[in-house]
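**Student:** Before I ask anything, let me first share the structure, which is written out below as structure tokens.
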Amino acid sequence: MSSLIEYYSGQSLFHRLDPRAKIIFLVLFTTVIFIIQHIYLAIVVLLIVIALWCVARLPLRSMGGYFKMLGSIIVFLFVVQAMLYPGQVILIDSIIPPSVPLIGGKGNITEEGILFGFFITTRLLAMVSILPLVVMTTPINRFTLGLVRLRLPYQLAYIITTALNLVPVLKAEVGVIMDAQRLRAFRTFEKGSLIAKLKAYPLLVTPLVIGAMRRAELIDVAMQSRGFGAKRERAYIEDIAMKPSDWVFTALTVLCCLAVLLANFLS
Amino acid sequence: MVTKEPYISISNMSYRYPDAKHYALEELNLTIYKGEFVVILGEHLAGKSTFCQILNGAIPNFKGGEMKGSVIVGGLNTQEVSVAELAQKVGIVLQDPEAQLFTTKVISEVAFGPENLCLDVDEILERVRWALQVVGLASFEERSPTSLSGGQKQRLAIAAALAMRPEVLVLDEATSQLDPVGTMEVFALVQELNKKYNVTIIMATHKSEEAAQFADRILILHQYRLIAEGVPQEVFQNTKLLQQVNIRSPQVSQLATYLEERSLCLSEFPVTIEQVRRGIEQLFRRGENCEL
């Protein structure tokens, strides 16, 4: 099964862009998403990202799996914001029965709350769609080179890309741990209640974290054993060069961000 | 070819991991010569992996802890230079084929080391092609390491170490996760590196059959100490010691011991199939046993 954080080979326009152009897009759009305060701007940014997903011709089924994974978080955020955000136009009055101690009679669902919940979830969706879009269309070695050419110290660039590389490995490890548990008739993650699942999480997370730490240590030994960090600079057998299309894409990215920010401050 | 030129000198070396009560290796004195093929045998937790990581400086440079005595590799004191500097003297291949491959293409995996040395790109590519040629993966340049078999992955890890042009190649149980075919692939390659390119090989393993077949010298670690060393015949003939330290001798050596117990002595103590075949043929030809 493909992971959202693994490279997905292709020849689309977005795939062919210089990694620096994509990293600049990633940084600027993520920053803009954090700054904007209006729902229509969040929708505009989300639509741009979705359009780029289409340009990159990334498999929609992996996108579906990703949003399914995020679904519960999004629903939770939406409900909490709808219930707790202070507003004037009340749609549903106090959904918590008055008999409940301390919080009884609270939890008005307001129009402002629903709009704010919608804004927060749209912003979250846009935010979590940008990184996979870039990582799935850029081979990890070119991504690293892009970071280095953007003057990031190569040690730091490798920390970032090694961490990204670990995501599919950890995902596979989760599968192995869960299979091992299933073989011993442990079915809580499939059939258990929410509380039972929460209680069972340490059984999944503990071996995963220990395995990840061990793997990280081995990678560290393997990298240093091949001279990583021996010199201030390092050579690269591959090289990258900004083409006119990369400059155009970068200019469009900057213009888009400026336009969204301007609209945000003028609204 | 084994020379009389010492390449690794270990004197009175003891090492203790951080916060550990006991030493992981104690009072180790050892000289390894250039071109030697040394195999380290020992049960689990005998100190084999610690020994391997001491040779490339990962211990103590990485893991900290307390180290006494000295380890000199190719004239460099491992406690005074970084792991990255030692990488040009000692290449290491770890047990887990997955954990030591971290790039997305075979070519970038092998180029990673020379790139770190900031060499000229032509020189890097020349080293990459040479290393891939030596390990028999020349046509795999553009493949992803994840698409390779276990034996191929370990050969790739060896190529990645070789591209640093080390004098010594340390293999820390590099065949323990491989099937018999993968194991033989790795042993055959390592033997070729030793014989053809005169790379000093230090290999920690549990596989006594292969150890007997390829090693010039066998070291036995037990409870953190070096308790025996010698050529395979010497070591595997000492059945009492091997039983004490839970090391299984090669099946042909067990056969020879069985025959000896029944007063049927072979002309030489065998550790390989070829030696036992010769011995049994001679025995049949003589038609006698050692007591007659």
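Residues are named by chain letter and number: chains run A, B, ... in the order of the structure tokens, numbers start at 1 in each chain, and ligands are numbered from 1 in the order shown.
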What residues in chain A have any atom no more than 8 Å from chain B when counting only C-alpha atoms, and can you write them as a PDB file with C-alpha atoms, in the first residue's frame?

**Tutor:**
ATOM      1  CA  PRO A 139      12.645  11.847  -4.792  1.00  0.00           C
ATOM      2  CA  ILE A 140      14.121  12.065  -1.303  1.00  0.00           C
ATOM      3  CA  ASN A 141      17.698  12.631  -2.540  1.00  0.00           C
ATOM      4  CA  THR A 162      15.778  10.720   7.104  1.00  0.00           C
ATOM      5  CA  ASN A 165      12.046   8.332   5.073  1.00  0.00           C
ATOM      6  CA  ARG A 215      16.472   1.943  14.140  1.00  0.00           C
ATOM      7  CA  LEU A 218      21.505   2.060  13.756  1.00  0.00           C
ATOM      8  CA  ILE A 219      20.990   4.582  10.951  1.00  0.00           C
ATOM      9  CA  VAL A 221      25.937   4.408  13.205  1.00  0.00           C
ATOM     10  CA  ALA A 222      25.570   3.427   9.521  1.00  0.00           C
ATOM     11  CA  MET A 223      25.716   7.071   8.352  1.00  0.00           C
ATOM     12  CA  GLN A 224      28.714   8.008  10.501  1.00  0.00           C
ATOM     13  CA  SER A 225      30.469   4.806   9.487  1.00  0.00           C
ATOM     14  CA  ARG A 226      30.356   6.158   5.958  1.00  0.00           C
ATOM     15  CA  GLY A 227      31.951   9.443   6.905  1.00  0.00           C
ATOM     16  CA  PHE A 228      28.819  11.525   7.462  1.00  0.00           C
ATOM     17  CA  GLY A 229      29.868  14.787   9.077  1.00  0.00           C
ATOM     18  CA  ALA A 230      33.576  14.256   8.388  1.00  0.00           C
ATOM     19  CA  LYS A 231      33.832  17.428   6.298  1.00  0.00           C
ATOM     20  CA  GLU A 233      30.912  20.419   2.886  1.00  0.00           C
ATOM     21  CA  ARG A 234      29.911  17.353   0.956  1.00  0.00           C
ATOM     22  CA  ALA A 235      29.745  16.512  -2.742  1.00  0.00           C
ATOM     23  CA  TYR A 236      26.659  15.331  -4.642  1.00  0.00           C
ATOM     24  CA  ILE A 237      26.660  13.112  -7.723  1.00  0.00           C
TER      25      ILE A 237
END

**Student:** Tell me, as a JSON list (two decimals) with C-alpha atoms, in the first residue's frame, which residues lie within 7 Å of His222 (chain B), counting only C-alpha atoms; anything in the same chain fewer than 5 positions away does not count.

**Tutor:**
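What landed in result-v2.json:
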[["chain", "number", "residue", "atom", "x", "y", "z"],
["B", 42, "GLY", "CA", 30.58, -16.45, 20.76],
["B", 46, "ALA", "CA", 29.36, -12.45, 24.53],
["B", 227, "ILE", "CA", 39.16, -17.02, 25.82],
["B", 245, "VAL", "CA", 30.95, -21.87, 25.85]]

**Student:** As an exercise, work out the distance from CA of Thr50 (chain B) to CA of Val71 (chain B) in Å and give it to one decimal place.

**Tutor:**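 Distance reported for this atom pair: 13.0 Å.
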
**Student:** I want to know what sits within 12 Å of Gly136 (chain B), based on only C-alpha atoms, with residues of the same chain fewer than 5 positions away left out; could you give that as a ChimeraX atom specification?

**Tutor:** /B:129-131,141,151-156,158-159,185-186,188-189,192

**Student:** Which residues are close to Ile39 (chain A), i.e. within 9 Å by only C-alpha atoms, leaving aside same-chain residues fewer than 6 positions away? Reply as a count of residues only.

**Tutor:** 7

**Student:** Between B:Glu274, B:Asp19, B:Asp216, B:Glu173, which residue has the minimum interatomic distance to Gln233 (chain B), considering only C-alpha atoms?

**Tutor:**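 Ranked by minimum distance to Gln233 (chain B), first place goes to B:Asp216.
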
**Student:** Can you list every residue in region 104-231 of chain B that DSSP puts in strand (DSSP E or B), as a ChimeraX atom specification?

**Tutor:** /B:168-172,200-204,217-222,225-230
